[in-house]
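K.L.:
If it helps, the file is called model-v9.pdb and holds PDB, C-alpha atoms:
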ATOM      1  CA  MET A  30      42.953 190.760  94.727
ATOM      2  CA  LYS A  31      41.430 187.536  95.941
ATOM      3  CA  SER A  32      43.534 184.428  95.991
ATOM      4  CA  ASN A  33      42.747 181.619  93.606
ATOM      5  CA  PRO A  34      39.987 179.247  94.756
ATOM      6  CA  ILE A  35      41.244 176.009  96.210
ATOM      7  CA  SER A  36      39.700 173.025  97.848
ATOM      8  CA  ASP A  37      39.778 173.041 101.636
ATOM      9  CA  SER A  38      40.341 169.307 101.611
ATOM     10  CA  VAL A  39      43.693 168.071 102.788
ATOM     11  CA  THR A  40      45.579 164.821 102.874
ATOM     12  CA  ASN A  41      45.007 162.294 105.606
ATOM     13  CA  ASP A  42      48.223 163.136 107.474
ATOM     14  CA  ASN A  43      47.784 163.195 111.225
ATOM     15  CA  ASN A  44      47.636 166.750 112.532
ATOM     16  CA  PRO A  45      48.863 168.486 109.389
ATOM     17  CA  VAL A  46      50.486 171.877 110.029
ATOM     18  CA  GLU A  47      50.324 174.801 107.607
ATOM     19  CA  ASP A  48      53.734 176.299 108.374
ATOM     20  CA  SER A  49      55.847 173.424 109.662
ATOM     21  CA  VAL A  50      59.505 173.144 108.737
ATOM     22  CA  ASP A  51      58.920 169.372 108.635
ATOM     23  CA  ILE A  52      57.405 168.834 105.198
ATOM     24  CA  ALA A  53      55.821 165.562 106.352
ATOM     25  CA  GLN A  54      53.454 167.656 108.485
ATOM     26  CA  LEU A  55      52.391 170.117 105.800
ATOM     27  CA  ARG A  56      48.789 170.706 104.815
ATOM     28  CA  THR A  57      48.538 169.830 101.135
ATOM     29  CA  PRO A  58      45.492 170.881  99.083
ATOM     30  CA  ILE A  59      44.073 168.200  96.818
ATOM     31  CA  LYS A  60      43.521 170.683  94.010
ATOM     32  CA  VAL A  61      44.579 174.242  93.239
ATOM     33  CA  ASP A  62      43.032 176.169  90.354
ATOM     34  CA  LEU A  63      46.032 177.187  88.242
ATOM     35  CA  SER A  64      44.075 178.548  85.286
ATOM     36  CA  PRO A  65      44.839 182.195  86.272
ATOM     37  CA  VAL A  66      48.554 181.337  86.358
ATOM     38  CA  TYR A  67      48.462 179.681  82.955
ATOM     39  CA  SER A  68      46.517 182.607  81.483
ATOM     40  CA  PHE A  69      48.953 185.122  82.950
ATOM     41  CA  LEU A  70      52.051 183.459  81.495
ATOM     42  CA  GLY A  71      52.859 183.817  77.825
ATOM     43  CA  ALA A  72      54.287 180.313  77.372
ATOM     44  CA  ARG A  73      54.206 176.940  79.093
ATOM     45  CA  THR A  74      57.269 175.043  80.215
ATOM     46  CA  THR A  75      58.591 172.719  77.520
ATOM     47  CA  GLN A  76      58.765 168.975  77.980
ATOM     48  CA  SER A  77      62.486 169.113  77.313
ATOM     49  CA  TRP A  78      62.969 171.322  80.400
ATOM     50  CA  VAL A  79      60.903 168.944  82.538
ATOM     51  CA  ASP A  80      62.932 165.975  81.287
ATOM     52  CA  ALA A  81      66.228 167.757  81.994
ATOM     53  CA  ALA A  82      65.035 168.822  85.456
ATOM     54  CA  ILE A  83      64.105 165.259  86.394
ATOM     55  CA  GLU A  84      67.527 164.058  85.240
ATOM     56  CA  ASN A  85      69.259 166.772  87.299
ATOM     57  CA  LEU A  86      67.012 166.916  90.350
ATOM     58  CA  PRO A  87      69.716 167.841  92.927
ATOM     59  CA  LEU A  88      70.600 170.919  90.848
ATOM     60  CA  ILE A  89      66.939 171.925  90.587
ATOM     61  CA  ILE A  90      66.392 171.458  94.325
ATOM     62  CA  GLN A  91      69.366 173.635  95.218
ATOM     63  CA  ASP A  92      68.444 176.323  92.706
ATOM     64  CA  HIS A  93      64.953 176.287  94.200
ATOM     65  CA  ALA A  94      66.554 176.994  97.588
ATOM     66  CA  ASN A  95      68.536 179.834  96.029
ATOM     67  CA  CYS A  96      65.342 181.270  94.541
ATOM     68  CA  GLU A  97      63.539 181.254  97.901
ATOM     69  CA  LYS A  98      66.490 182.985  99.567
ATOM     70  CA  LYS A  99      66.775 185.581  96.798
ATOM     71  CA  ALA A 100      63.023 186.279  96.916
ATOM     72  CA  ALA A 101      63.218 186.926 100.658
ATOM     73  CA  GLY A 102      66.282 189.127 100.204
ATOM     74  CA  THR A 103      64.645 191.150  97.446
ATOM     75  CA  ALA A 104      61.537 191.677  99.562
ATOM     76  CA  MET A 105      63.697 192.747 102.506
ATOM     77  CA  ASN A 106      65.485 195.320 100.354
ATOM     78  CA  LEU A 107      62.168 196.665  99.124
ATOM     79  CA  ILE A 108      60.687 196.905 102.600
ATOM     80  CA  PHE A 109      63.482 199.318 103.585
ATOM     81  CA  ARG A 110      63.387 201.279 100.340
ATOM     82  CA  TYR A 111      59.648 201.828 100.026
ATOM     83  CA  GLU A 112      58.449 202.622 103.534
ATOM     84  CA  PHE A 113      55.718 205.008 102.418
ATOM     85  CA  SER A 114      53.181 202.331 101.499
ATOM     86  CA  TYR A 115      51.365 200.520 104.333
ATOM     87  CA  ASP A 116      49.928 197.853 102.028
ATOM     88  CA  LEU A 117      53.310 197.248 100.437
ATOM     89  CA  GLN A 118      55.007 196.937 103.837
ATOM     90  CA  CYS A 119      52.465 194.406 105.090
ATOM     91  CA  LYS A 120      52.566 192.268 101.948
ATOM     92  CA  LEU A 121      56.359 192.309 101.850
ATOM     93  CA  ALA A 122      56.578 191.310 105.511
ATOM     94  CA  GLN A 123      54.273 188.359 104.855
ATOM     95  CA  LEU A 124      56.243 187.427 101.773
ATOM     96  CA  ILE A 125      59.570 187.473 103.655
ATOM     97  CA  ARG A 126      58.179 185.093 106.277
ATOM     98  CA  GLU A 127      56.834 182.696 103.666
ATOM     99  CA  GLU A 128      59.944 182.702 101.484
ATOM    100  CA  MET A 129      62.272 182.094 104.432
ATOM    101  CA  LEU A 130      60.066 179.254 105.640
ATOM    102  CA  HIS A 131      60.221 177.704 102.189
ATOM    103  CA  TYR A 132      63.990 178.173 102.145
ATOM    104  CA  GLU A 133      64.279 176.337 105.460
ATOM    105  CA  GLN A 134      62.011 173.578 104.171
ATOM    106  CA  VAL A 135      64.112 173.068 101.037
ATOM    107  CA  LEU A 136      67.278 173.008 103.139
ATOM    108  CA  GLY A 137      65.638 170.221 105.137
ATOM    109  CA  ILE A 138      64.877 168.329 101.936
ATOM    110  CA  MET A 139      68.505 168.633 100.863
ATOM    111  CA  ASN A 140      69.675 167.396 104.259
ATOM    112  CA  ASP A 141      67.287 164.436 104.205
ATOM    113  CA  ARG A 142      68.540 163.478 100.754
ATOM    114  CA  GLY A 143      72.173 163.736 101.881
ATOM    115  CA  GLN A 144      72.742 166.534  99.381
ATOM    116  CA  ASP A 145      75.642 168.871 100.090
ATOM    117  CA  TRP A 146      75.451 172.554  99.225
ATOM    118  CA  GLN A 147      77.356 173.395  96.052
ATOM    119  CA  TYR A 148      78.119 176.714  94.401
ATOM    120  CA  LEU A 149      75.540 177.446  91.719
ATOM    121  CA  SER A 150      75.695 180.569  89.577
ATOM    122  CA  ALA A 151      72.593 182.573  88.780
ATOM    123  CA  GLY A 152      70.921 181.954  85.440
ATOM    124  CA  ARG A 153      69.883 184.520  82.867
ATOM    125  CA  TYR A 154      66.178 184.648  83.779
ATOM    126  CA  ALA A 155      65.829 187.454  86.331
ATOM    127  CA  LYS A 156      68.569 189.541  84.734
ATOM    128  CA  GLY A 157      66.852 189.146  81.384
ATOM    129  CA  MET A 158      63.760 190.865  82.741
ATOM    130  CA  LEU A 159      65.403 193.373  85.068
ATOM    131  CA  LYS A 160      67.426 194.892  82.241
ATOM    132  CA  HIS A 161      64.126 196.304  80.942
ATOM    133  CA  LYS A 162      63.230 197.955  84.252
ATOM    134  CA  ARG A 163      62.616 201.680  84.024
ATOM    135  CA  THR A 164      65.025 203.892  85.955
ATOM    136  CA  TYR A 165      62.711 206.484  87.535
ATOM    137  CA  GLU A 166      60.204 206.189  90.372
ATOM    138  CA  PRO A 167      57.558 204.992  90.852
ATOM    139  CA  ALA A 168      57.889 203.301  87.435
ATOM    140  CA  ALA A 169      60.978 201.360  88.553
ATOM    141  CA  MET A 170      59.122 199.911  91.528
ATOM    142  CA  VAL A 171      56.106 199.075  89.376
ATOM    143  CA  ASP A 172      58.344 197.140  86.982
ATOM    144  CA  VAL A 173      60.105 195.296  89.831
ATOM    145  CA  LEU A 174      56.743 194.170  91.183
ATOM    146  CA  ILE A 175      55.502 193.082  87.749
ATOM    147  CA  ILE A 176      58.707 191.088  87.246
ATOM    148  CA  GLY A 177      58.149 189.547  90.679
ATOM    149  CA  ALA A 178      54.675 188.511  89.587
ATOM    150  CA  PHE A 179      56.078 186.641  86.590
ATOM    151  CA  ILE A 180      58.765 184.941  88.684
ATOM    152  CA  GLU A 181      56.151 183.723  91.166
ATOM    153  CA  ALA A 182      53.767 182.580  88.443
ATOM    154  CA  ARG A 183      56.528 180.703  86.627
ATOM    155  CA  SER A 184      57.605 179.052  89.867
ATOM    156  CA  CYS A 185      54.041 177.904  90.431
ATOM    157  CA  GLU A 186      53.731 176.551  86.887
ATOM    158  CA  ARG A 187      56.970 174.596  87.221
ATOM    159  CA  PHE A 188      56.118 173.166  90.639
ATOM    160  CA  ALA A 189      52.908 171.834  89.105
ATOM    161  CA  ALA A 190      54.744 170.393  86.088
ATOM    162  CA  LEU A 191      57.322 168.631  88.266
ATOM    163  CA  ALA A 192      54.762 167.327  90.754
ATOM    164  CA  GLU A 193      52.995 165.474  87.935
ATOM    165  CA  VAL A 194      56.001 163.398  86.877
ATOM    166  CA  ILE A 195      58.592 163.334  89.644
ATOM    167  CA  ASN A 196      59.421 159.870  90.981
ATOM    168  CA  ASP A 197      59.524 161.007  94.605
ATOM    169  CA  GLU A 198      56.122 161.219  96.248
ATOM    170  CA  ARG A 199      57.410 163.170  99.244
ATOM    171  CA  LEU A 200      58.926 165.841  97.021
ATOM    172  CA  ALA A 201      55.893 165.837  94.713
ATOM    173  CA  LYS A 202      53.662 166.428  97.732
ATOM    174  CA  TYR A 203      55.836 169.349  98.785
ATOM    175  CA  TYR A 204      55.583 170.936  95.340
ATOM    176  CA  ARG A 205      51.804 170.550  95.454
ATOM    177  CA  TYR A 206      51.813 172.228  98.880
ATOM    178  CA  LEU A 207      53.691 175.216  97.410
ATOM    179  CA  LEU A 208      51.051 175.775  94.723
ATOM    180  CA  LYS A 209      48.679 177.467  97.161
ATOM    181  CA  SER A 210      51.048 180.272  98.142
ATOM    182  CA  GLU A 211      52.778 180.627  94.769
ATOM    183  CA  SER A 212      49.474 180.930  92.906
ATOM    184  CA  ARG A 213      48.526 183.770  95.268
ATOM    185  CA  HIS A 214      51.840 185.637  95.209
ATOM    186  CA  PHE A 215      51.687 186.712  91.570
ATOM    187  CA  GLU A 216      48.301 188.377  92.091
ATOM    188  CA  ASP A 217      49.580 190.125  95.222
ATOM    189  CA  TYR A 218      52.518 191.522  93.263
ATOM    190  CA  LEU A 219      50.229 192.799  90.509
ATOM    191  CA  ALA A 220      47.868 194.443  92.985
ATOM    192  CA  LEU A 221      50.788 196.181  94.688
ATOM    193  CA  ALA A 222      52.187 197.339  91.345
ATOM    194  CA  GLN A 223      48.839 198.833  90.350
ATOM    195  CA  SER A 224      48.471 200.537  93.733
ATOM    196  CA  LEU A 225      51.678 202.480  93.076
ATOM    197  CA  SER A 226      50.640 203.686  89.637
ATOM    198  CA  ASP A 227      48.041 206.266  88.683
ATOM    199  CA  GLU A 228      47.804 204.659  85.244
ATOM    200  CA  SER A 229      46.909 201.141  84.234
ATOM    201  CA  ILE A 230      49.843 198.726  84.378
ATOM    202  CA  ASP A 231      48.369 196.502  81.657
ATOM    203  CA  GLU A 232      50.780 197.734  78.993
ATOM    204  CA  ARG A 233      53.834 196.962  81.135
ATOM    205  CA  VAL A 234      52.411 193.565  82.095
ATOM    206  CA  ALA A 235      51.934 192.740  78.412
ATOM    207  CA  PHE A 236      55.488 193.863  77.668
ATOM    208  CA  PHE A 237      57.042 191.681  80.367
ATOM    209  CA  LYS A 238      54.785 188.795  79.387
ATOM    210  CA  GLU A 239      56.539 188.716  76.015
ATOM    211  CA  VAL A 240      59.997 189.125  77.558
ATOM    212  CA  GLU A 241      59.419 186.340  80.084
ATOM    213  CA  ALA A 242      57.946 183.963  77.501
ATOM    214  CA  ALA A 243      60.963 184.498  75.236
ATOM    215  CA  LEU A 244      63.356 183.696  78.084
ATOM    216  CA  ILE A 245      61.455 180.491  78.884
ATOM    217  CA  SER A 246      61.011 179.326  75.281
ATOM    218  CA  SER A 247      64.411 180.139  73.769
ATOM    219  CA  PRO A 248      67.492 177.863  74.018
ATOM    220  CA  ASP A 249      69.425 178.146  77.276
ATOM    221  CA  THR A 250      72.872 176.700  77.939
ATOM    222  CA  GLU A 251      72.370 176.579  81.740
ATOM    223  CA  LEU A 252      69.784 174.433  83.490
ATOM    224  CA  ARG A 253      68.146 176.290  86.334
ATOM    225  CA  PHE A 254      64.717 176.345  87.971
ATOM    226  CA  HIS A 255      63.716 179.274  85.732
ATOM    227  CA  SER A 256      65.879 178.487  82.706
ATOM    228  CA  GLY A 257      64.773 178.299  79.107
ATOM    229  CA  THR A 258      64.621 175.318  76.782
ATOM    230  CA  PRO A 259      67.787 173.221  77.253
ATOM    231  CA  ALA A 260      70.163 173.974  74.375
TER
END
Rewrite the coordinates I just gave you, this time as structure tokens.
P.N.:
Amino acid sequence: MKSNPISDSVTNDNNPVEDSVDIAQLRTPIKVDLSPVYSFLGARTTQSWVDAAIENLPLIIQDHANCEKKAAGTAMNLIFRYEFSYDLQCKLAQLIREEMLHYEQVLGIMNDRGQDWQYLSAGRYAKGMLKHKRTYEPAAMVDVLIIGAFIEARSCERFAALAEVINDERLAKYYRYLLKSESRHFEDYLALAQSLSDESIDERVAFFKEVEAALISSPDTELRFHSGTPA
């Protein structure tokens, strides 16, 4: 699938770099078309989650780092398990590079803010979707990729929501930078899922759309980057 259209315009930073660990050097698009992301998701993030995230920004930043690391780890596991697909191998390799770069960038943000690493348990979000994964192949892999698409789309939606209101222009700029890759990742996951199935995946996408929306909209006792409405 094609990536979402974006403007080629960038900020006026001197010599911006697309893949720099230094976020001050990143190439940040002025506008990213997020309408496909919003259409794909079954619910939008609530204002109460945004408010809670702003009030607990160090927690959100660290959980974001955890999410990037987990995404890279998941892709690495898949690249060893599903070696039969050339397209899948190439996309996963690209994804691993991007997620680990983002992880390193977020670690840099934490260091610059003087934020120490703290233990942070996983929330209910990914488990809440994975418990519905089918147990036979290739259906299991199809479901994992569809779930990955929703995780990426939700990440993108929340980066956009935070960038609009966060009182830290450097961090807001970084979240806007992430929109380009995150808005593309969900479509890549869907294309890979469909490539592994002889039948349309639309029914499974619709199923997980409802599951994901329920997890995001229902009360949640733990605040995390992908948590539901604060209880």
K.L.:
If the PyMOL selection byres ((chain A and resi 207) around 12) is run on the structure shown, which residues does it catch, given as a ChimeraX atom specification?
P.N.:
/A:47-48,52,55-61,93,97,127-128,130-132,134-135,181-182,184-189,191-192,200-206,208-214
K.L.:
Sort by chain and increasing residue number a table of all residues of segment 182-252 of chain A within 9 Å of segment 143-155 of chain A, each with its closest pair of atoms and their distance in Å to one decimal, counting all atoms listed in the file, and write it as a Markdown table.
P.N.:
| residue | atom | partner | partner_atom | distance |
| --- | --- | --- | --- | --- |
| A:Glu241 | CA | A:Tyr154 | CA | 7.9 |
| A:Leu244 | CA | A:Tyr154 | CA | 6.4 |
| A:Ile245 | CA | A:Tyr154 | CA | 8.0 |
| A:Asp249 | CA | A:Arg153 | CA | 8.5 |
| A:Glu251 | CA | A:Gly152 | CA | 6.7 |
| A:Leu252 | CA | A:Gly152 | CA | 7.9 |
K.L.:
Applied to this file, what does the PyMOL selection byres ((chain A and resi 161) around 10) return in terms of residues, put as a list in words?
P.N.:
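For this structure, the PyMOL selection byres ((chain A and resi 161) around 10) captures Lys156, Gly157, Met158, Leu159, Lys160, Lys162, Arg163, Thr164, Ala169, Asp172, Val173, Ile176, Phe236, Phe237 and Val240 of chain A.
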K.L.:
Ranking A:Asp217, A:Asp80, A:Asp197, A:Glu166 by minimum distance to Lys120 of chain A and counting all atoms listed in the file, which one comes first?
P.N.:
A:Asp217
K.L.:
For the atom pair atom CA of Asp116 of chain A and atom CA of Pro167 of chain A, what is the interatomic distance in Å to one decimal place?
P.N.:
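Taking atom CA of Asp116 of chain A and atom CA of Pro167 of chain A, their separation equals 15.3 Å.
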K.L.:
Give me the result of the PyMOL selection byres ((chain A and resi 88) around 9) on this file, residue by residue, as a PyMOL selection string.
P.N.:
chain A and resi 82+85-87+89-93+147+149+252-254
K.L.:
Can you rebuild segment 225-236 of chain A with N, CA and C atoms and give it as a compact mmCIF listing (two decimals), in the coordinates of the input?
P.N.:
# COMPACT_ATOMS: atom_id res chain seq x y z
N LEU A 225 50.64 201.45 93.12
CA LEU A 225 51.68 202.48 93.08
C LEU A 225 51.62 203.32 91.81
N SER A 226 50.71 202.98 90.92
CA SER A 226 50.64 203.69 89.64
C SER A 226 49.28 204.35 89.45
N ASP A 227 49.29 205.57 88.98
CA ASP A 227 48.04 206.27 88.68
C ASP A 227 47.45 205.81 87.36
N GLU A 228 48.25 205.16 86.54
CA GLU A 228 47.80 204.66 85.24
C GLU A 228 47.74 203.14 85.27
N SER A 229 47.00 202.59 84.33
CA SER A 229 46.91 201.14 84.23
C SER A 229 48.29 200.54 83.96
N ILE A 230 48.56 199.41 84.60
CA ILE A 230 49.84 198.73 84.38
C ILE A 230 49.74 197.67 83.29
N ASP A 231 48.60 197.57 82.63
CA ASP A 231 48.37 196.50 81.66
C ASP A 231 49.41 196.49 80.54
N GLU A 232 49.81 197.67 80.08
CA GLU A 232 50.78 197.73 78.99
C GLU A 232 52.13 197.17 79.43
N ARG A 233 52.56 197.49 80.64
CA ARG A 233 53.83 196.96 81.14
C ARG A 233 53.74 195.46 81.41
N VAL A 234 52.60 195.01 81.89
CA VAL A 234 52.41 193.56 82.10
C VAL A 234 52.51 192.83 80.76
N ALA A 235 51.88 193.37 79.74
CA ALA A 235 51.93 192.74 78.41
C ALA A 235 53.36 192.72 77.87
N PHE A 236 54.10 193.80 78.12
CA PHE A 236 55.49 193.86 77.67
C PHE A 236 56.32 192.77 78.33
